[in-house]
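**Q** The structure under discussion is supplied below as structure tokens; questions concerning it will follow.
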Amino acid sequence: MERHAPSPDAAVAQAPRRGLYSDNEPFAAGWLPTGDGHEIYYEECGKPNGKPCVILHGGPGGAINPTMRRFFDPKRWRMALFDQRGCGKSRPNASLDNNTTWSLIEDIERLRVHLGVERWTVFGGSWGSTLALAYAVTHPERVEALVLRGVFLLTDRELGWFYQDGASYLFPDAWERFLAPIPEAERGDLMAAYHRRLTHADRAVQAEAAEAWSQWEGDTISIRGPEARPAKFNEADFAIAFARIECHFFANKGFFEEDGWLLKNIGRIRHIPGWIVQGRFDVVTPMESAWRLHKAWPEARFDLIWDAGHASTEPGVVDGLVRATDQAFTV
């Protein structure tokens, strides 16, 4: 099931890379109350009676966008997308109350029931891969297939790499901007320092920290450089929601029972067909995590993209994901 990187000569003979499917508008949308203070915004796209899938955005704290619909053939798939608690159009914005991994898993189930779906394919990248794995481990009977990109297991090692010591070696210029809002005396634990500011009562304090937090991720997201950074990272409201929620989840170690919880429970999903698409030069969620998942779940197809970083829109990643969803349709 593993696809090895081709030699330079073999690469020339490879089929052209696949691109995104055509844009498509939702055929249904609405807000779904959770019963504990949140309303989740969701959309349905594609074919109303098509094969069902749910698409999980990254962050935590990100939001859905039209490009996410384009990894699936709209003539065959019934796509469900939703803004996670506190994100995008979900209400209230940037709220941390009742906002944990487990409440998001409940929301996925709530949406599944609301849409009348028995089982579906689950698609997620970055934090979306974390949530997809956690949902599958918790509800394996509801998952028909998994398509994952930029695998993030939300371990102490991964968080330390990106927010304390590691990625900074590759991006020292961007790292200086990330450090700027934090006094020297607090830099021994940057996660805690940012958490204090992002939960501060003064919105101006939140905004300064959110801008630096979001820019750090935007500056490292793609091998194509900062121009590949999503435009929303520059919007104050988006940046505050993104940074507050992401730091909230990370400061609480994803709300998992123990470090490495996902891999320790991977046996519950090894029977589920899976596809893993990973950029070789992903700095945000380095390949080590995808490799560990591949070793623990050898039945899943592992597709290593040699000329890609973290962004889902890099050509090799697009190709891998579109091929994966086409193959998942046949499951």
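Chain identifiers are assigned as A, B, and so on, following the order in which chains appear in the structure tokens; residues are numbered from 1 within each chain, and ligands are numbered from 1 in order of appearance.
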From a DSSP calculation on the backbone, collect every residue of stretch 222-307 of chain A in strand (DSSP E) and output the set as number ranges by chain.
**A** A: 274-279, 301-305
**Q** List the neighbours of A:Arg76 out to 10 Å using only C-alpha atoms; skip same-chain residues closer than 2 positions along the sequence, and give me the result as a list in words.
**A** Gly46, Lys47, Pro48, Asn49, Gly50, Lys51, Pro52, Phe72, Asp73, Pro74, Arg78, Met79, Asp326 and Phe329 of chain A
**Q** Go ahead and compute the interatomic distance for atom CA of A:Val143 and atom CA of A:Leu104, in Å to one decimal.
**A**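 Straight-line distance from atom CA of A:Val143 to atom CA of A:Leu104 works out to 15.7 Å.
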**Q** May I ask which of the residues A:Phe256, A:Trp306, A:Trp175, A:Phe238 is the closest one to A:Arg280, counting only C-alpha atoms?
**A** A:Trp306
**Q** Can you list, as a ChimeraX atom specification, every protein, DNA or RNA residue that comes within 9 Å of A:Leu154 when you count only C-alpha atoms, leaving out same-chain residues fewer than 6 positions away?
**A** /A:127,130,250,253-254,256,259-262
